[in-house]
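J.: Got model.csv for you, CSV, C-alpha atoms (C1' of nucleotides):
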chain,number,residue,atom,x,y,z
A,1,MET,CA,287.4,-35.2,-27.9
A,2,ASN,CA,286.6,-31.5,-27.8
A,3,TYR,CA,287.6,-28.7,-25.5
A,4,TRP,CA,285.2,-26.0,-24.2
A,5,LEU,CA,284.9,-23.0,-22.0
A,6,LEU,CA,282.0,-22.7,-19.6
A,7,LYS,CA,281.1,-19.4,-18.1
A,8,SER,CA,279.6,-19.1,-14.7
A,9,GLU,CA,279.0,-16.2,-12.4
A,10,PRO,CA,280.7,-17.2,-9.1
A,11,ASN,CA,278.0,-15.3,-7.1
A,12,THR,CA,275.5,-17.8,-8.6
A,13,PHE,CA,277.6,-20.9,-9.0
A,14,SER,CA,281.3,-21.1,-8.5
A,15,ILE,CA,283.9,-23.8,-9.0
A,16,ASP,CA,283.9,-24.3,-5.3
A,17,ASP,CA,280.1,-24.8,-5.3
A,18,LEU,CA,280.7,-27.6,-7.8
A,19,LYS,CA,283.5,-29.1,-5.8
A,20,LYS,CA,281.4,-29.1,-2.7
A,21,LEU,CA,278.6,-31.2,-4.2
A,22,PRO,CA,278.4,-34.8,-3.0
A,23,ARG,CA,279.4,-36.3,-6.3
A,24,GLN,CA,281.1,-33.1,-7.5
A,25,THR,CA,278.7,-33.3,-10.4
A,26,ASP,CA,275.9,-31.0,-11.5
A,27,HIS,CA,273.7,-30.3,-14.4
A,28,TRP,CA,274.5,-27.2,-16.4
A,29,ASP,CA,271.1,-25.7,-16.8
A,30,GLY,CA,269.8,-22.4,-17.9
A,31,ILE,CA,271.4,-22.2,-21.3
A,32,ARG,CA,269.0,-19.9,-23.2
A,33,ASN,CA,271.0,-19.0,-26.2
A,34,TYR,CA,270.6,-20.9,-29.5
A,35,GLN,CA,274.3,-20.9,-30.4
A,36,ALA,CA,275.3,-22.2,-27.0
A,37,ARG,CA,272.5,-24.7,-27.2
A,38,ASN,CA,273.7,-26.0,-30.5
A,39,PHE,CA,277.2,-26.4,-29.2
A,40,ILE,CA,276.1,-28.6,-26.3
A,41,ARG,CA,273.4,-30.5,-28.2
A,42,ASP,CA,275.4,-31.2,-31.4
A,43,ASP,CA,279.0,-31.1,-30.6
A,44,MET,CA,279.6,-31.7,-26.9
A,45,GLN,CA,280.6,-35.3,-26.2
A,46,LEU,CA,281.0,-37.5,-23.2
A,47,ASN,CA,284.4,-37.0,-21.5
A,48,ASP,CA,285.1,-33.7,-23.2
A,49,LEU,CA,287.0,-31.3,-21.0
A,50,ALA,CA,286.1,-27.7,-20.3
A,51,LEU,CA,287.7,-24.7,-18.7
A,52,PHE,CA,285.6,-23.3,-15.9
A,53,TYR,CA,285.5,-19.5,-16.2
A,54,HIS,CA,284.2,-17.1,-13.7
A,55,SER,CA,282.5,-14.1,-15.2
A,56,ASN,CA,280.9,-10.9,-14.0
A,57,CYS,CA,283.0,-10.7,-10.9
A,58,THR,CA,286.0,-8.9,-9.4
A,59,GLN,CA,288.5,-11.2,-11.1
A,60,PRO,CA,287.1,-12.8,-14.2
A,61,GLY,CA,289.2,-15.7,-15.5
A,62,VAL,CA,289.8,-19.4,-15.8
A,63,VAL,CA,289.7,-21.1,-12.4
A,64,GLY,CA,289.5,-24.8,-13.1
A,65,ILE,CA,288.7,-27.8,-15.2
A,66,VAL,CA,285.6,-29.9,-15.5
A,67,GLN,CA,284.5,-32.9,-17.5
A,68,ILE,CA,281.4,-33.7,-19.4
A,69,VAL,CA,279.9,-36.8,-17.8
A,70,ARG,CA,276.5,-36.8,-19.5
A,71,GLU,CA,275.7,-35.6,-23.0
A,72,ALA,CA,272.9,-33.2,-23.8
A,73,TYR,CA,269.4,-34.0,-22.5
A,74,PRO,CA,266.3,-31.7,-22.2
A,75,ASP,CA,266.7,-28.9,-19.7
A,76,TYR,CA,263.7,-29.5,-17.4
A,77,THR,CA,264.0,-26.0,-15.9
A,78,ALA,CA,262.5,-24.8,-19.2
A,79,SER,CA,259.2,-26.4,-18.3
A,80,ASP,CA,259.1,-25.5,-14.6
A,81,PRO,CA,257.1,-22.3,-14.1
A,82,ARG,CA,258.8,-21.7,-10.8
A,83,SER,CA,262.3,-21.8,-12.3
A,84,PRO,CA,263.9,-18.5,-13.3
A,85,TYR,CA,264.8,-20.3,-16.6
A,86,PHE,CA,261.2,-21.1,-17.4
A,87,ASP,CA,260.4,-20.8,-21.1
A,88,PRO,CA,256.7,-20.7,-21.9
A,89,LYS,CA,257.4,-21.6,-25.5
A,90,ASN,CA,259.2,-24.8,-24.6
A,91,SER,CA,257.2,-28.0,-25.1
A,92,ALA,CA,258.0,-31.3,-23.6
A,93,ASP,CA,257.6,-33.3,-26.8
A,94,ASN,CA,259.8,-30.9,-28.7
A,95,PRO,CA,262.3,-29.6,-26.2
A,96,ARG,CA,263.9,-26.3,-27.1
A,97,TRP,CA,266.7,-26.2,-24.4
A,98,TYR,CA,269.3,-28.7,-23.4
A,99,MET,CA,271.8,-29.3,-20.6
A,100,VAL,CA,274.7,-31.5,-19.9
A,101,ASP,CA,276.2,-32.8,-16.6
A,102,VAL,CA,279.6,-31.7,-15.6
A,103,LYS,CA,282.0,-33.1,-13.0
A,104,PHE,CA,284.7,-31.3,-11.1
A,105,LYS,CA,288.2,-32.3,-12.2
A,106,ARG,CA,290.5,-29.8,-10.5
A,107,LYS,CA,291.1,-26.2,-9.7
A,108,LEU,CA,294.0,-24.5,-11.3
A,109,SER,CA,296.8,-23.6,-8.9
A,110,ARG,CA,295.9,-19.9,-9.6
A,111,ILE,CA,293.3,-17.9,-11.5
A,112,ILE,CA,294.4,-17.2,-15.0
A,113,THR,CA,292.7,-13.9,-15.4
A,114,LEU,CA,291.0,-12.4,-18.4
A,115,LYS,CA,293.5,-9.6,-18.2
A,116,GLU,CA,296.3,-12.1,-18.5
A,117,LEU,CA,294.7,-14.0,-21.3
A,118,LYS,CA,294.5,-10.8,-23.3
A,119,GLN,CA,298.2,-10.2,-23.1
A,120,HIS,CA,299.1,-13.3,-25.2
A,121,SER,CA,299.2,-13.0,-29.0
A,122,GLU,CA,298.6,-16.8,-29.1
A,123,LEU,CA,295.1,-16.2,-27.9
A,124,VAL,CA,294.0,-13.3,-30.0
A,125,THR,CA,291.8,-15.5,-32.1
A,126,MET,CA,290.2,-17.1,-29.1
A,127,SER,CA,286.4,-16.8,-29.0
A,128,LEU,CA,286.4,-15.5,-25.5
A,129,LEU,CA,288.5,-12.5,-26.4
A,130,LYS,CA,286.7,-11.5,-29.5
A,131,ARG,CA,284.9,-8.3,-29.3
A,132,GLY,CA,281.4,-8.5,-27.8
A,133,ASN,CA,281.3,-12.2,-27.4
A,134,ARG,CA,278.9,-13.1,-24.7
A,135,LEU,CA,278.4,-16.7,-25.3
A,136,SER,CA,278.3,-18.7,-22.1
A,137,ILE,CA,279.6,-21.8,-23.8
A,138,MET,CA,282.3,-21.8,-26.5
A,139,PRO,CA,284.7,-24.2,-28.1
A,140,VAL,CA,288.4,-24.0,-27.3
A,141,THR,CA,291.0,-25.3,-29.8
A,142,THR,CA,293.6,-27.8,-28.7
A,143,LYS,CA,296.2,-25.2,-29.2
A,144,GLU,CA,294.4,-22.7,-27.0
A,145,TRP,CA,293.8,-25.3,-24.4
A,146,ARG,CA,297.4,-26.3,-24.1
A,147,PHE,CA,298.6,-22.8,-24.2
A,148,ILE,CA,296.3,-21.6,-21.4
A,149,LEU,CA,297.2,-24.5,-19.2
A,150,SER,CA,300.9,-23.9,-19.8
A,151,LEU,CA,300.4,-20.5,-18.2
A,152,GLU,CA,299.5,-22.2,-14.9
B,1,DG,C1',276.2,1.4,-11.7
B,2,DC,C1',277.5,2.4,-16.5
B,3,DC,C1',277.2,1.1,-21.1
B,4,DA,C1',278.7,-1.3,-25.4
B,5,DA,C1',277.5,-5.1,-27.9
B,6,DC,C1',274.8,-8.4,-28.6
B,7,DG,C1',270.3,-11.5,-29.3
B,8,DT,C1',265.3,-11.6,-29.3
B,9,DT,C1',260.7,-9.9,-30.1
B,10,DG,C1',256.9,-8.3,-32.5
B,11,DG,C1',254.5,-4.8,-35.3
B,12,DC,C1',254.2,-3.8,-39.9
C,1,DG,C1',261.6,-9.9,-44.1
C,2,DC,C1',262.8,-5.4,-42.0
C,3,DC,C1',264.0,-3.0,-38.0
C,4,DA,C1',263.1,-0.4,-33.7
C,5,DA,C1',262.5,-1.4,-29.1
C,6,DC,C1',263.8,-4.0,-25.5
C,7,DG,C1',266.3,-7.3,-22.5
C,8,DT,C1',270.7,-9.4,-21.3
C,9,DT,C1',275.7,-10.0,-20.7
C,10,DG,C1',279.7,-8.9,-18.6
C,11,DG,C1',283.9,-6.0,-18.3
C,12,DC,C1',285.1,-2.0,-16.1
As structure tokens, please, write out the structure in this file.

T.:
Amino acid sequence: MNYWLLKSEPNTFSIDDLKKLPRQTDHWDGIRNYQARNFIRDDMQLNDLALFYHSNCTQPGVVGIVQIVREAYPDYTASDPRSPYFDPKNSADNPRWYMVDVKFKRKLSRIITLKELKQHSELVTMSLLKRGNRLSIMPVTTKEWRFILSLE
DNA sequence: GCCAACGTTGGC
DNA sequence: GCCAACGTTGGC
């Protein structure tokens, strides 16, 4: 059982967008960073839980919790020329990019903002808060997970 | 919109 | 394998 943080731009795909889907489940496509790819392909397991984080918006922060309901499989948008995530170097028999399926679990009772997270010494080692970290998927330790949710 | 901090690309 | 140029991320 691992914990994760998934970034999404709410203008593109918000926690409410996920919640509104018929099965409240969607594939997490468009990961085009090798480190993030390795996390989901090698380490992410069925039933893992993840913080849903809104980035690049007026109030960046943790807004909810989702669950991994399907482990990594090839990201088909990489071989779709019409997709913004199309990668001409991807090949079907040796897929370069992967995605997982995530299911909405719940929204937090309030947004735990980036600003707030930065104020706690317990979280200074958190990947999200390290300087210049732009990974869209990162692991969260059990300690960090519990601490963040205790702020709710 | 700015820009720092990255990651990737490609010439050499 | 080096590294300059370029593209992207994401807070502000």

J.: Write out as a list in words the residues lying within 12 Å of Glu116 (chain A), counting only C-alpha atoms (C1' of nucleotides) and excluding same-chain residues fewer than 6 positions away.

T.: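 After dropping sequence-adjacent residues, the list is Gln59, Pro60, Gly61, Val62, Arg110, Glu122, Leu123, Val124, Leu129, Ile148, Leu151 and Glu152 of chain A.
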
J.: How many Å lie between CA of Tyr73 (chain A) and CA of Leu51 (chain A), rounded to one decimal?

T.: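 According to the coordinates, CA of Tyr73 (chain A) and CA of Leu51 (chain A) are separated by 20.9 Å.
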
J.: Just give me the gap between CA of Gly64 (chain A) and CA of Arg134 (chain A) in Å, one decimal is fine.

T.: 19.6 Å

J.: Can you tell me, as a list in words, what residues are no more than 8 Å from Leu135 (chain A) when counting only C-alpha atoms (C1' of nucleotides), ignoring any on the same chain fewer than 2 positions away?

T.: Asn33, Gln35, Ala36, Asn133, Ile137 and Met138 of chain A

J.: From the set A:Cys57, A:Leu46, A:Ala92, A:Val102, which residue has the shortest atom-to-atom contact distance to DG11 (chain C), counting all atoms listed in the file?

T.: A:Cys57

J.: May I ask for the distance between CA of Gln45 (chain A) and CA of Asp29 (chain A), given in Å to one decimal place?

T.: 16.5 Å

J.: At a cut-off of 12 Å, list the chain B residues touching chain A, using all atoms listed in the file, as number ranges by chain.

T.: B: 4-8

J.: I'd like the neighbourhood of region 1-4 of chain A as a PDB file with C-alpha atoms, keeping the file's coordinate frame, where a residue qualifies if any of its atoms comes within 9 Å (using only C-alpha atoms (C1' of nucleotides)), though same-chain residues fewer than 4 positions away should be ignored.

T.:
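Result saved to around.pdb:
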ATOM      1  CA  ASP A  43     279.000 -31.100 -30.600  1.00  0.00           C
ATOM      2  CA  MET A  44     279.600 -31.700 -26.900  1.00  0.00           C
ATOM      3  CA  GLN A  45     280.600 -35.300 -26.200  1.00  0.00           C
ATOM      4  CA  LEU A  46     281.000 -37.500 -23.200  1.00  0.00           C
ATOM      5  CA  ASN A  47     284.400 -37.000 -21.500  1.00  0.00           C
ATOM      6  CA  ASP A  48     285.100 -33.700 -23.200  1.00  0.00           C
ATOM      7  CA  LEU A  49     287.000 -31.300 -21.000  1.00  0.00           C
ATOM      8  CA  ALA A  50     286.100 -27.700 -20.300  1.00  0.00           C
ATOM      9  CA  LEU A  51     287.700 -24.700 -18.700  1.00  0.00           C
ATOM     10  CA  PHE A  52     285.600 -23.300 -15.900  1.00  0.00           C
ATOM     11  CA  ILE A 137     279.600 -21.800 -23.800  1.00  0.00           C
ATOM     12  CA  MET A 138     282.300 -21.800 -26.500  1.00  0.00           C
ATOM     13  CA  PRO A 139     284.700 -24.200 -28.100  1.00  0.00           C
ATOM     14  CA  VAL A 140     288.400 -24.000 -27.300  1.00  0.00           C
ATOM     15  CA  THR A 141     291.000 -25.300 -29.800  1.00  0.00           C
ATOM     16  CA  THR A 142     293.600 -27.800 -28.700  1.00  0.00           C
ATOM     17  CA  TRP A 145     293.800 -25.300 -24.400  1.00  0.00           C
TER      18      TRP A 145
END
